[in-house]
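Coordinates as given in final16.cif (mmCIF, N, CA and C atoms):
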```cif
data_upload
loop_
_atom_site.label_atom_id
_atom_site.label_comp_id
_atom_site.auth_asym_id
_atom_site.auth_seq_id
_atom_site.Cartn_x
_atom_site.Cartn_y
_atom_site.Cartn_z
N MET A 122 2.80 7.32 -25.67
CA MET A 122 2.40 5.93 -25.86
C MET A 122 3.49 4.98 -25.35
N ILE A 123 4.76 5.34 -25.56
CA ILE A 123 5.84 4.45 -25.14
C ILE A 123 5.87 4.32 -23.62
N ARG A 124 5.54 5.42 -22.90
CA ARG A 124 5.49 5.34 -21.44
C ARG A 124 4.40 4.38 -20.99
N ARG A 125 3.27 4.45 -21.64
CA ARG A 125 2.17 3.56 -21.27
C ARG A 125 2.51 2.10 -21.57
N GLN A 126 3.20 1.85 -22.66
CA GLN A 126 3.64 0.49 -22.97
C GLN A 126 4.63 0.00 -21.92
N ALA A 127 5.53 0.89 -21.51
CA ALA A 127 6.51 0.53 -20.48
C ALA A 127 5.81 0.24 -19.16
N ILE A 128 4.79 1.02 -18.82
CA ILE A 128 4.04 0.78 -17.59
C ILE A 128 3.38 -0.59 -17.64
N VAL A 129 2.80 -0.95 -18.77
CA VAL A 129 2.17 -2.26 -18.91
C VAL A 129 3.19 -3.37 -18.72
N LEU A 130 4.33 -3.25 -19.37
CA LEU A 130 5.37 -4.27 -19.25
C LEU A 130 5.87 -4.37 -17.81
N LEU A 131 6.14 -3.23 -17.20
CA LEU A 131 6.64 -3.24 -15.82
C LEU A 131 5.59 -3.75 -14.85
N ALA A 132 4.32 -3.42 -15.07
CA ALA A 132 3.27 -3.93 -14.20
C ALA A 132 3.18 -5.45 -14.31
N LEU A 133 3.38 -5.97 -15.49
CA LEU A 133 3.37 -7.42 -15.68
C LEU A 133 4.54 -8.06 -14.93
N VAL A 134 5.72 -7.49 -15.06
CA VAL A 134 6.89 -8.02 -14.35
C VAL A 134 6.68 -7.88 -12.84
N GLY A 135 6.17 -6.74 -12.41
CA GLY A 135 5.88 -6.54 -10.99
C GLY A 135 4.85 -7.52 -10.47
N LEU A 136 3.85 -7.79 -11.28
CA LEU A 136 2.84 -8.78 -10.92
C LEU A 136 3.49 -10.15 -10.71
N LEU A 137 4.41 -10.51 -11.56
CA LEU A 137 5.11 -11.80 -11.41
C LEU A 137 5.96 -11.83 -10.14
N VAL A 138 6.68 -10.74 -9.87
CA VAL A 138 7.51 -10.67 -8.66
C VAL A 138 6.63 -10.74 -7.42
N ALA A 139 5.57 -9.94 -7.39
CA ALA A 139 4.68 -9.92 -6.23
C ALA A 139 3.99 -11.27 -6.05
N THR A 140 3.67 -11.93 -7.15
CA THR A 140 3.07 -13.26 -7.06
C THR A 140 4.04 -14.24 -6.43
N TYR A 141 5.32 -14.15 -6.81
CA TYR A 141 6.34 -15.00 -6.19
C TYR A 141 6.37 -14.75 -4.68
N LEU A 142 6.39 -13.47 -4.29
CA LEU A 142 6.45 -13.13 -2.87
C LEU A 142 5.22 -13.63 -2.12
N TRP A 143 4.07 -13.52 -2.74
CA TRP A 143 2.83 -14.00 -2.12
C TRP A 143 2.86 -15.51 -1.98
N LEU A 144 3.29 -16.21 -3.03
CA LEU A 144 3.37 -17.67 -2.97
C LEU A 144 4.35 -18.12 -1.90
N TYR A 145 5.42 -17.35 -1.73
CA TYR A 145 6.36 -17.68 -0.65
C TYR A 145 5.65 -17.53 0.69
N LYS A 146 4.94 -16.43 0.87
CA LYS A 146 4.29 -16.13 2.15
C LYS A 146 3.28 -17.19 2.52
N ILE A 147 2.57 -17.72 1.56
CA ILE A 147 1.57 -18.74 1.88
C ILE A 147 2.18 -20.14 1.89
N GLY A 148 3.51 -20.22 1.72
CA GLY A 148 4.21 -21.49 1.91
C GLY A 148 4.40 -22.36 0.68
N VAL A 149 4.14 -21.83 -0.49
CA VAL A 149 4.27 -22.65 -1.70
C VAL A 149 5.73 -22.74 -2.16
N ILE A 150 6.50 -21.65 -2.00
CA ILE A 150 7.91 -21.61 -2.42
C ILE A 150 8.76 -20.94 -1.34
N GLY A 151 10.09 -21.07 -1.42
CA GLY A 151 10.97 -20.53 -0.38
C GLY A 151 11.83 -19.37 -0.86
N GLY A 152 12.46 -18.66 0.09
CA GLY A 152 13.35 -17.54 -0.19
C GLY A 152 13.00 -16.32 0.63
N CYS A 153 13.95 -15.43 0.83
CA CYS A 153 13.72 -14.16 1.53
C CYS A 153 13.14 -14.35 2.94
N GLU A 154 13.65 -15.33 3.65
CA GLU A 154 13.06 -15.71 4.93
C GLU A 154 12.98 -14.59 5.96
N ALA A 155 14.07 -13.86 6.16
CA ALA A 155 14.09 -12.84 7.21
C ALA A 155 13.00 -11.78 7.01
N VAL A 156 12.79 -11.39 5.78
CA VAL A 156 11.79 -10.36 5.48
C VAL A 156 10.40 -10.96 5.50
N GLN A 157 10.23 -12.06 4.82
CA GLN A 157 8.89 -12.65 4.66
C GLN A 157 8.33 -13.26 5.94
N THR A 158 9.18 -13.58 6.90
CA THR A 158 8.67 -14.16 8.15
C THR A 158 8.55 -13.12 9.26
N SER A 159 8.87 -11.87 8.95
CA SER A 159 8.77 -10.82 9.96
C SER A 159 7.31 -10.42 10.16
N ARG A 160 7.06 -9.70 11.24
CA ARG A 160 5.69 -9.23 11.50
C ARG A 160 5.24 -8.19 10.49
N TYR A 161 6.19 -7.63 9.75
CA TYR A 161 5.87 -6.62 8.73
C TYR A 161 5.42 -7.24 7.41
N ALA A 162 5.46 -8.55 7.32
CA ALA A 162 5.08 -9.23 6.07
C ALA A 162 3.57 -9.37 5.92
N GLU A 163 2.83 -8.93 6.93
CA GLU A 163 1.37 -8.95 6.86
C GLU A 163 0.82 -7.59 7.25
N LEU A 164 -0.29 -7.23 6.64
CA LEU A 164 -0.98 -5.99 6.94
C LEU A 164 -2.46 -6.30 7.02
N LEU A 165 -3.06 -6.04 8.15
CA LEU A 165 -4.48 -6.33 8.38
C LEU A 165 -4.80 -7.80 8.13
N GLY A 166 -3.87 -8.68 8.50
CA GLY A 166 -4.08 -10.11 8.37
C GLY A 166 -3.87 -10.68 6.97
N THR A 167 -3.44 -9.83 6.05
CA THR A 167 -3.22 -10.26 4.67
C THR A 167 -1.74 -10.08 4.33
N PRO A 168 -1.13 -11.07 3.65
CA PRO A 168 0.27 -10.92 3.26
C PRO A 168 0.48 -9.65 2.42
N VAL A 169 1.51 -8.90 2.78
CA VAL A 169 1.85 -7.67 2.05
C VAL A 169 2.05 -7.98 0.57
N ALA A 170 2.64 -9.13 0.28
CA ALA A 170 2.89 -9.49 -1.12
C ALA A 170 1.59 -9.60 -1.91
N PHE A 171 0.50 -9.98 -1.26
CA PHE A 171 -0.78 -10.05 -1.96
C PHE A 171 -1.24 -8.66 -2.38
N TYR A 172 -0.97 -7.66 -1.53
CA TYR A 172 -1.29 -6.28 -1.92
C TYR A 172 -0.49 -5.90 -3.17
N GLY A 173 0.74 -6.40 -3.24
CA GLY A 173 1.55 -6.17 -4.43
C GLY A 173 0.94 -6.82 -5.66
N VAL A 174 0.49 -8.06 -5.50
CA VAL A 174 -0.16 -8.76 -6.61
C VAL A 174 -1.37 -7.96 -7.08
N ALA A 175 -2.19 -7.55 -6.15
CA ALA A 175 -3.40 -6.79 -6.52
C ALA A 175 -3.04 -5.45 -7.17
N GLY A 176 -2.06 -4.76 -6.59
CA GLY A 176 -1.67 -3.46 -7.13
C GLY A 176 -1.11 -3.55 -8.53
N TYR A 177 -0.20 -4.50 -8.74
CA TYR A 177 0.36 -4.66 -10.09
C TYR A 177 -0.71 -5.12 -11.08
N ALA A 178 -1.63 -5.95 -10.65
CA ALA A 178 -2.71 -6.40 -11.54
C ALA A 178 -3.57 -5.23 -11.97
N VAL A 179 -3.91 -4.35 -11.03
CA VAL A 179 -4.72 -3.18 -11.37
C VAL A 179 -3.94 -2.25 -12.31
N LEU A 180 -2.65 -2.03 -12.02
CA LEU A 180 -1.83 -1.21 -12.92
C LEU A 180 -1.73 -1.82 -14.31
N LEU A 181 -1.64 -3.14 -14.36
CA LEU A 181 -1.58 -3.83 -15.65
C LEU A 181 -2.87 -3.61 -16.44
N VAL A 182 -4.01 -3.79 -15.79
CA VAL A 182 -5.30 -3.61 -16.47
C VAL A 182 -5.47 -2.16 -16.92
N LEU A 183 -5.16 -1.22 -16.04
CA LEU A 183 -5.28 0.19 -16.42
C LEU A 183 -4.29 0.55 -17.53
N GLY A 184 -3.10 0.00 -17.45
CA GLY A 184 -2.11 0.25 -18.50
C GLY A 184 -2.56 -0.29 -19.85
N LEU A 185 -3.14 -1.47 -19.83
CA LEU A 185 -3.67 -2.04 -21.08
C LEU A 185 -4.81 -1.20 -21.62
N ALA A 186 -5.67 -0.72 -20.73
CA ALA A 186 -6.78 0.15 -21.17
C ALA A 186 -6.23 1.43 -21.77
N ALA A 187 -5.15 1.95 -21.19
CA ALA A 187 -4.57 3.20 -21.68
C ALA A 187 -3.90 3.04 -23.03
N LEU A 188 -3.58 1.81 -23.42
CA LEU A 188 -2.94 1.58 -24.72
C LEU A 188 -3.93 1.66 -25.88
N ARG A 189 -5.20 1.57 -25.58
CA ARG A 189 -6.21 1.65 -26.65
C ARG A 189 -6.15 3.05 -27.28
N PRO A 190 -6.14 3.11 -28.61
CA PRO A 190 -6.05 4.41 -29.29
C PRO A 190 -7.12 5.42 -28.83
N ALA A 191 -8.31 4.94 -28.51
CA ALA A 191 -9.38 5.84 -28.08
C ALA A 191 -9.05 6.49 -26.73
N ARG A 192 -8.15 5.89 -25.98
CA ARG A 192 -7.77 6.41 -24.65
C ARG A 192 -6.43 7.13 -24.65
N ALA A 193 -5.84 7.33 -25.80
CA ALA A 193 -4.49 7.89 -25.91
C ALA A 193 -4.34 9.22 -25.16
N GLY A 194 -5.32 10.08 -25.22
CA GLY A 194 -5.22 11.38 -24.56
C GLY A 194 -6.07 11.49 -23.32
N ASP A 195 -6.51 10.38 -22.77
CA ASP A 195 -7.41 10.38 -21.62
C ASP A 195 -6.67 10.78 -20.34
N ARG A 196 -6.85 12.01 -19.95
CA ARG A 196 -6.16 12.54 -18.76
C ARG A 196 -6.64 11.84 -17.49
N ARG A 197 -7.91 11.50 -17.41
CA ARG A 197 -8.42 10.84 -16.20
C ARG A 197 -7.74 9.50 -15.96
N LEU A 198 -7.53 8.76 -17.01
CA LEU A 198 -6.85 7.47 -16.89
C LEU A 198 -5.39 7.67 -16.48
N ALA A 199 -4.74 8.66 -17.05
CA ALA A 199 -3.36 8.96 -16.68
C ALA A 199 -3.26 9.37 -15.21
N VAL A 200 -4.21 10.15 -14.74
CA VAL A 200 -4.22 10.58 -13.33
C VAL A 200 -4.46 9.37 -12.42
N LEU A 201 -5.35 8.49 -12.81
CA LEU A 201 -5.63 7.29 -12.02
C LEU A 201 -4.40 6.39 -11.92
N VAL A 202 -3.73 6.18 -13.05
CA VAL A 202 -2.51 5.37 -13.05
C VAL A 202 -1.44 6.03 -12.19
N ALA A 203 -1.28 7.34 -12.32
CA ALA A 203 -0.28 8.06 -11.52
C ALA A 203 -0.62 8.00 -10.03
N ALA A 204 -1.89 8.12 -9.69
CA ALA A 204 -2.29 8.05 -8.27
C ALA A 204 -2.00 6.67 -7.69
N LEU A 205 -2.35 5.64 -8.43
CA LEU A 205 -2.07 4.27 -7.97
C LEU A 205 -0.58 4.01 -7.87
N ALA A 206 0.16 4.47 -8.86
CA ALA A 206 1.61 4.30 -8.84
C ALA A 206 2.23 5.07 -7.67
N THR A 207 1.69 6.23 -7.36
CA THR A 207 2.19 7.01 -6.22
C THR A 207 1.94 6.27 -4.91
N ALA A 208 0.75 5.70 -4.77
CA ALA A 208 0.45 4.91 -3.56
C ALA A 208 1.38 3.71 -3.47
N GLY A 209 1.58 3.03 -4.59
CA GLY A 209 2.49 1.89 -4.61
C GLY A 209 3.91 2.28 -4.30
N PHE A 210 4.35 3.40 -4.82
CA PHE A 210 5.71 3.90 -4.57
C PHE A 210 5.88 4.27 -3.10
N ALA A 211 4.89 4.94 -2.53
CA ALA A 211 4.96 5.31 -1.10
C ALA A 211 5.02 4.06 -0.22
N PHE A 212 4.21 3.07 -0.54
CA PHE A 212 4.22 1.82 0.23
C PHE A 212 5.56 1.11 0.07
N THR A 213 6.11 1.17 -1.13
CA THR A 213 7.42 0.59 -1.39
C THR A 213 8.51 1.27 -0.56
N LEU A 214 8.44 2.60 -0.47
CA LEU A 214 9.41 3.33 0.36
C LEU A 214 9.32 2.88 1.81
N TYR A 215 8.10 2.74 2.29
CA TYR A 215 7.89 2.29 3.67
C TYR A 215 8.48 0.89 3.87
N LEU A 216 8.13 -0.03 2.99
CA LEU A 216 8.61 -1.41 3.14
C LEU A 216 10.13 -1.50 3.02
N THR A 217 10.71 -0.74 2.11
CA THR A 217 12.16 -0.75 1.95
C THR A 217 12.84 -0.18 3.20
N SER A 218 12.27 0.86 3.77
CA SER A 218 12.85 1.41 5.00
C SER A 218 12.74 0.41 6.15
N VAL A 219 11.66 -0.35 6.22
CA VAL A 219 11.54 -1.40 7.23
C VAL A 219 12.63 -2.45 7.02
N GLU A 220 12.83 -2.85 5.78
CA GLU A 220 13.89 -3.83 5.49
C GLU A 220 15.25 -3.32 5.97
N LEU A 221 15.57 -2.10 5.59
CA LEU A 221 16.90 -1.56 5.85
C LEU A 221 17.13 -1.17 7.31
N PHE A 222 16.16 -0.49 7.92
CA PHE A 222 16.40 0.12 9.22
C PHE A 222 15.79 -0.62 10.41
N VAL A 223 14.84 -1.50 10.15
CA VAL A 223 14.22 -2.25 11.25
C VAL A 223 14.69 -3.71 11.23
N LEU A 224 14.55 -4.36 10.08
CA LEU A 224 14.90 -5.78 9.97
C LEU A 224 16.38 -6.00 9.69
N HIS A 225 17.04 -5.00 9.13
CA HIS A 225 18.45 -5.13 8.72
C HIS A 225 18.63 -6.36 7.83
N ALA A 226 17.69 -6.52 6.91
CA ALA A 226 17.72 -7.64 5.96
C ALA A 226 17.19 -7.13 4.63
N ILE A 227 17.72 -7.70 3.57
CA ILE A 227 17.29 -7.30 2.23
C ILE A 227 16.89 -8.55 1.45
N CYS A 228 15.68 -8.50 0.92
CA CYS A 228 15.17 -9.58 0.07
C CYS A 228 15.35 -9.13 -1.38
N ARG A 229 16.05 -9.93 -2.17
CA ARG A 229 16.32 -9.52 -3.55
C ARG A 229 15.03 -9.34 -4.37
N TRP A 230 14.00 -10.13 -4.06
CA TRP A 230 12.74 -10.00 -4.79
C TRP A 230 12.00 -8.74 -4.37
N CYS A 231 12.13 -8.37 -3.12
CA CYS A 231 11.53 -7.11 -2.66
C CYS A 231 12.23 -5.93 -3.32
N VAL A 232 13.54 -6.02 -3.46
CA VAL A 232 14.30 -4.97 -4.14
C VAL A 232 13.86 -4.89 -5.60
N ALA A 233 13.69 -6.03 -6.25
CA ALA A 233 13.23 -6.04 -7.65
C ALA A 233 11.87 -5.37 -7.75
N SER A 234 10.97 -5.70 -6.85
CA SER A 234 9.65 -5.09 -6.87
C SER A 234 9.74 -3.59 -6.62
N ALA A 235 10.61 -3.17 -5.70
CA ALA A 235 10.78 -1.75 -5.40
C ALA A 235 11.30 -0.99 -6.63
N VAL A 236 12.24 -1.58 -7.33
CA VAL A 236 12.78 -0.94 -8.54
C VAL A 236 11.69 -0.83 -9.61
N ILE A 237 10.94 -1.90 -9.79
CA ILE A 237 9.86 -1.90 -10.79
C ILE A 237 8.82 -0.84 -10.46
N MET A 238 8.40 -0.78 -9.19
CA MET A 238 7.37 0.20 -8.80
C MET A 238 7.90 1.62 -8.94
N THR A 239 9.16 1.83 -8.64
CA THR A 239 9.75 3.16 -8.77
C THR A 239 9.75 3.60 -10.24
N VAL A 240 10.12 2.71 -11.14
CA VAL A 240 10.13 3.05 -12.57
C VAL A 240 8.70 3.29 -13.06
N ILE A 241 7.75 2.47 -12.62
CA ILE A 241 6.35 2.70 -12.99
C ILE A 241 5.91 4.08 -12.52
N TRP A 242 6.26 4.43 -11.30
CA TRP A 242 5.88 5.73 -10.74
C TRP A 242 6.47 6.88 -11.56
N VAL A 243 7.74 6.78 -11.88
CA VAL A 243 8.40 7.83 -12.67
C VAL A 243 7.72 7.96 -14.04
N LEU A 244 7.45 6.85 -14.68
CA LEU A 244 6.80 6.88 -16.00
C LEU A 244 5.38 7.44 -15.91
N ALA A 245 4.66 7.04 -14.87
CA ALA A 245 3.27 7.49 -14.72
C ALA A 245 3.21 8.98 -14.45
N VAL A 246 4.08 9.48 -13.59
CA VAL A 246 4.09 10.91 -13.30
C VAL A 246 4.54 11.70 -14.53
N ALA A 247 5.55 11.20 -15.23
CA ALA A 247 5.98 11.87 -16.46
C ALA A 247 4.87 11.85 -17.50
N GLY A 248 4.07 10.79 -17.51
CA GLY A 248 2.97 10.69 -18.47
C GLY A 248 1.88 11.72 -18.23
N LEU A 249 1.78 12.22 -17.01
CA LEU A 249 0.79 13.26 -16.72
C LEU A 249 1.07 14.53 -17.51
N ARG A 250 2.33 14.81 -17.73
CA ARG A 250 2.72 16.03 -18.47
C ARG A 250 2.43 15.91 -19.96
N HIS A 251 2.24 14.69 -20.44
CA HIS A 251 2.07 14.48 -21.87
C HIS A 251 0.65 14.14 -22.29
N THR A 252 -0.30 14.27 -21.36
CA THR A 252 -1.70 14.03 -21.73
C THR A 252 -2.42 15.37 -21.80
N SER A 253 -3.40 15.42 -22.65
CA SER A 253 -4.12 16.69 -22.82
C SER A 253 -5.18 16.89 -21.78
#
```

Write the structure described by the file as structure tokens, please.
Amino acid sequence: MIRRQAIVLLALVGLLVATYLWLYKIGVIGGCEAVQTSRYAELLGTPVAFYGVAGYAVLLVLGLAALRPARAGDRRLAVLVAALATAGFAFTLYLTSVELFVLHAICRWCVASAVIMTVIWVLAVAGLRHTS
């Protein structure tokens, strides 16, 4: 249960970070210029940060659903959260490698999001071992 609570909290924080990045990309706020203005800041015509907003929002909703006592041992929900977290973690690895090895720039908010997604992934995968 504590892992699921942590996932909910981290998804909420991640949602806030990704929302900041998305708002920056659409021009509402400033920061992280080198990363956010690169060609890698969009995927299929949509700001990458928006994918973060959507991903964290889905993880938040699933995490909240998993906190319900009736869902405490729901393996399907744990697998879904772990699968989404794995996709988010893989995308985070890709984006971080682009920052480091292609752009040679680091955005502190992107790093915060990467750390949050990594912790969510670790908790979600560990949670798979504890569901029936």

**OP:** Name the residues that the PyMOL selection byres (((chain A and resi 232 and name CA) around 12) and name CA) picks from the file above, as a ChimeraX atom specification, using the file's chain letters and numbers.
**Re:** /A:135,138-139,142,153,156,213-214,216-218,220-221,226-231,233-239

**OP:** Could you tell me which residues the PyMOL selection byres ((chain A and resi 207) around 8) returns for this structure, as a PyMOL selection string?
**Re:** chain A and resi 201-206+208-213+238+241-243+245-246

**OP:** Taking the file above as input, evaluate the PyMOL selection byres ((chain A and resi 165-179) around 7) and report the hits as a list in words.
**Re:**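 Given this file, the PyMOL selection byres ((chain A and resi 165-179) around 7) evaluates to Ala132, Leu133, Gly135, Leu136, Leu137, Val138, Ala139, Thr140, Leu142, Trp143, Leu144, Lys146, Tyr161, Ala162, Glu163, Leu164, Leu180, Leu181, Val182, Leu183 and Gly184 of chain A.
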
Subject >> Residue set, region 183-230 of chain A restricted to alpha helix (DSSP H), as number ranges by chain >> reply: A: 183-188, 196-218, 229-230

Please dump the current selection as a short mmCIF file (atom, residue, chain, number, x, y, z; two decimals), in the coordinates of the input; keep N, CA and C atoms.
```cif
data_model
loop_
_atom_site.label_atom_id
_atom_site.label_comp_id
_atom_site.auth_asym_id
_atom_site.auth_seq_id
_atom_site.Cartn_x
_atom_site.Cartn_y
_atom_site.Cartn_z
N LEU A 183 -5.16 -1.22 -16.04
CA LEU A 183 -5.28 0.19 -16.42
C LEU A 183 -4.29 0.55 -17.53
N GLY A 184 -3.10 0.00 -17.45
CA GLY A 184 -2.11 0.25 -18.50
C GLY A 184 -2.56 -0.29 -19.85
N LEU A 185 -3.14 -1.47 -19.83
CA LEU A 185 -3.67 -2.04 -21.08
C LEU A 185 -4.81 -1.20 -21.62
N ALA A 186 -5.67 -0.72 -20.73
CA ALA A 186 -6.78 0.15 -21.17
C ALA A 186 -6.23 1.43 -21.77
N ALA A 187 -5.15 1.95 -21.19
CA ALA A 187 -4.57 3.20 -21.68
C ALA A 187 -3.90 3.04 -23.03
N LEU A 188 -3.58 1.81 -23.42
CA LEU A 188 -2.94 1.58 -24.72
C LEU A 188 -3.93 1.66 -25.88
N ARG A 196 -6.85 12.01 -19.95
CA ARG A 196 -6.16 12.54 -18.76
C ARG A 196 -6.64 11.84 -17.49
N ARG A 197 -7.91 11.50 -17.41
CA ARG A 197 -8.42 10.84 -16.20
C ARG A 197 -7.74 9.50 -15.96
N LEU A 198 -7.53 8.76 -17.01
CA LEU A 198 -6.85 7.47 -16.89
C LEU A 198 -5.39 7.67 -16.48
N ALA A 199 -4.74 8.66 -17.05
CA ALA A 199 -3.36 8.96 -16.68
C ALA A 199 -3.26 9.37 -15.21
N VAL A 200 -4.21 10.15 -14.74
CA VAL A 200 -4.22 10.58 -13.33
C VAL A 200 -4.46 9.37 -12.42
N LEU A 201 -5.35 8.49 -12.81
CA LEU A 201 -5.63 7.29 -12.02
C LEU A 201 -4.40 6.39 -11.92
N VAL A 202 -3.73 6.18 -13.05
CA VAL A 202 -2.51 5.37 -13.05
C VAL A 202 -1.44 6.03 -12.19
N ALA A 203 -1.28 7.34 -12.32
CA ALA A 203 -0.28 8.06 -11.52
C ALA A 203 -0.62 8.00 -10.03
N ALA A 204 -1.89 8.12 -9.69
CA ALA A 204 -2.29 8.05 -8.27
C ALA A 204 -2.00 6.67 -7.69
N LEU A 205 -2.35 5.64 -8.43
CA LEU A 205 -2.07 4.27 -7.97
C LEU A 205 -0.58 4.01 -7.87
N ALA A 206 0.16 4.47 -8.86
CA ALA A 206 1.61 4.30 -8.84
C ALA A 206 2.23 5.07 -7.67
N THR A 207 1.69 6.23 -7.36
CA THR A 207 2.19 7.01 -6.22
C THR A 207 1.94 6.27 -4.91
N ALA A 208 0.75 5.70 -4.77
CA ALA A 208 0.45 4.91 -3.56
C ALA A 208 1.38 3.71 -3.47
N GLY A 209 1.58 3.03 -4.59
CA GLY A 209 2.49 1.89 -4.61
C GLY A 209 3.91 2.28 -4.30
N PHE A 210 4.35 3.40 -4.82
CA PHE A 210 5.71 3.90 -4.57
C PHE A 210 5.88 4.27 -3.10
N ALA A 211 4.89 4.94 -2.53
CA ALA A 211 4.96 5.31 -1.10
C ALA A 211 5.02 4.06 -0.22
N PHE A 212 4.21 3.07 -0.54
CA PHE A 212 4.22 1.82 0.23
C PHE A 212 5.56 1.11 0.07
N THR A 213 6.11 1.17 -1.13
CA THR A 213 7.42 0.59 -1.39
C THR A 213 8.51 1.27 -0.56
N LEU A 214 8.44 2.60 -0.47
CA LEU A 214 9.41 3.33 0.36
C LEU A 214 9.32 2.88 1.81
N TYR A 215 8.10 2.74 2.29
CA TYR A 215 7.89 2.29 3.67
C TYR A 215 8.48 0.89 3.87
N LEU A 216 8.13 -0.03 2.99
CA LEU A 216 8.61 -1.41 3.14
C LEU A 216 10.13 -1.50 3.02
N THR A 217 10.71 -0.74 2.11
CA THR A 217 12.16 -0.75 1.95
C THR A 217 12.84 -0.18 3.20
N SER A 218 12.27 0.86 3.77
CA SER A 218 12.85 1.41 5.00
C SER A 218 12.74 0.41 6.15
N ARG A 229 16.05 -9.93 -2.17
CA ARG A 229 16.32 -9.52 -3.55
C ARG A 229 15.03 -9.34 -4.37
N TRP A 230 14.00 -10.13 -4.06
CA TRP A 230 12.74 -10.00 -4.79
C TRP A 230 12.00 -8.74 -4.37
#
```

With 6 Å on each side, where is the centre of the axis-aligned box around all listed atoms of region 131-135 of chain A, and how long are its edges in Å to one decimal, as AutoDock Vina command-line options?
```
--center_x 5.0 --center_y -5.6 --center_z -13.8 --size_x 15.7 --size_y 16.8 --size_z 18.7
```

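Relative to atom N of Arg196 (chain A), atom C of Val240 (chain A) is found at 19.1 Å.
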
Subject >> Between CA of Tyr145 (chain A) and atom N of Leu130 (chain A) - distance in Å to one decimal >> reply: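 If I compute the distance from atom N of Leu130 (chain A) to CA of Tyr145 (chain A), I get 23.7 Å.
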
Subject >> Closest of A:His251, A:Ser159, A:Val223, A:Ala191 to Met122 (chain A) - atom-to-atom distances counting all atoms listed in the file >> reply: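 Going through A:His251, A:Ser159, A:Val223, A:Ala191 one by one, the smallest distance to Met122 (chain A) is for A:His251.
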
**OP:** Looking only at strand (DSSP E) from DSSP on the backbone, list the matching residues of chain A as a list of chain:residue names.
**Re:**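 Those residues are A:Glu163, A:Leu164, A:Thr167, A:Pro168.
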
**OP:** Please provide the set of residues having any atom within 8 Å of Gly248 (chain A), restricted to only C-alpha atoms, with same-chain residues fewer than 4 positions apart removed, written as JSON, numbers by chain.
**Re:** {"A": [124, 125, 199, 244, 252]}

**OP:** Measure the distance from atom N of Leu198 (chain A) to atom C of Tyr215 (chain A) in Å and round it to one decimal.
**Re:**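 Atom C of Tyr215 (chain A) lies 27.5 Å from atom N of Leu198 (chain A).
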
Output region 232-242 of chain A as an mmCIF file, in the frame of the given file, making sure N, CA, C and O atoms are there.
```
data_model
loop_
_atom_site.group_PDB
_atom_site.id
_atom_site.type_symbol
_atom_site.label_atom_id
_atom_site.label_comp_id
_atom_site.auth_asym_id
_atom_site.auth_seq_id
_atom_site.Cartn_x
_atom_site.Cartn_y
_atom_site.Cartn_z
ATOM 1 N N VAL A 232 13.540 -6.020 -3.460
ATOM 2 C CA VAL A 232 14.300 -4.970 -4.140
ATOM 3 C C VAL A 232 13.860 -4.890 -5.600
ATOM 4 O O VAL A 232 13.651 -3.788 -6.132
ATOM 5 N N ALA A 233 13.690 -6.030 -6.250
ATOM 6 C CA ALA A 233 13.230 -6.040 -7.650
ATOM 7 C C ALA A 233 11.870 -5.370 -7.750
ATOM 8 O O ALA A 233 11.643 -4.532 -8.649
ATOM 9 N N SER A 234 10.970 -5.700 -6.850
ATOM 10 C CA SER A 234 9.650 -5.090 -6.870
ATOM 11 C C SER A 234 9.740 -3.590 -6.620
ATOM 12 O O SER A 234 9.046 -2.800 -7.270
ATOM 13 N N ALA A 235 10.610 -3.170 -5.700
ATOM 14 C CA ALA A 235 10.780 -1.750 -5.400
ATOM 15 C C ALA A 235 11.300 -0.990 -6.630
ATOM 16 O O ALA A 235 10.820 0.109 -6.928
ATOM 17 N N VAL A 236 12.240 -1.580 -7.330
ATOM 18 C CA VAL A 236 12.780 -0.940 -8.540
ATOM 19 C C VAL A 236 11.690 -0.830 -9.610
ATOM 20 O O VAL A 236 11.506 0.221 -10.234
ATOM 21 N N ILE A 237 10.940 -1.900 -9.790
ATOM 22 C CA ILE A 237 9.860 -1.900 -10.790
ATOM 23 C C ILE A 237 8.820 -0.840 -10.460
ATOM 24 O O ILE A 237 8.415 -0.051 -11.320
ATOM 25 N N MET A 238 8.400 -0.780 -9.190
ATOM 26 C CA MET A 238 7.370 0.200 -8.800
ATOM 27 C C MET A 238 7.900 1.620 -8.940
ATOM 28 O O MET A 238 7.169 2.524 -9.357
ATOM 29 N N THR A 239 9.160 1.830 -8.640
ATOM 30 C CA THR A 239 9.750 3.160 -8.770
ATOM 31 C C THR A 239 9.750 3.600 -10.240
ATOM 32 O O THR A 239 9.389 4.740 -10.553
ATOM 33 N N VAL A 240 10.120 2.710 -11.140
ATOM 34 C CA VAL A 240 10.130 3.050 -12.570
ATOM 35 C C VAL A 240 8.700 3.290 -13.060
ATOM 36 O O VAL A 240 8.446 4.241 -13.826
ATOM 37 N N ILE A 241 7.750 2.470 -12.620
ATOM 38 C CA ILE A 241 6.350 2.700 -12.990
ATOM 39 C C ILE A 241 5.910 4.080 -12.520
ATOM 40 O O ILE A 241 5.270 4.841 -13.258
ATOM 41 N N TRP A 242 6.260 4.430 -11.300
ATOM 42 C CA TRP A 242 5.880 5.730 -10.740
ATOM 43 C C TRP A 242 6.470 6.880 -11.560
ATOM 44 O O TRP A 242 5.763 7.817 -11.918
#
```
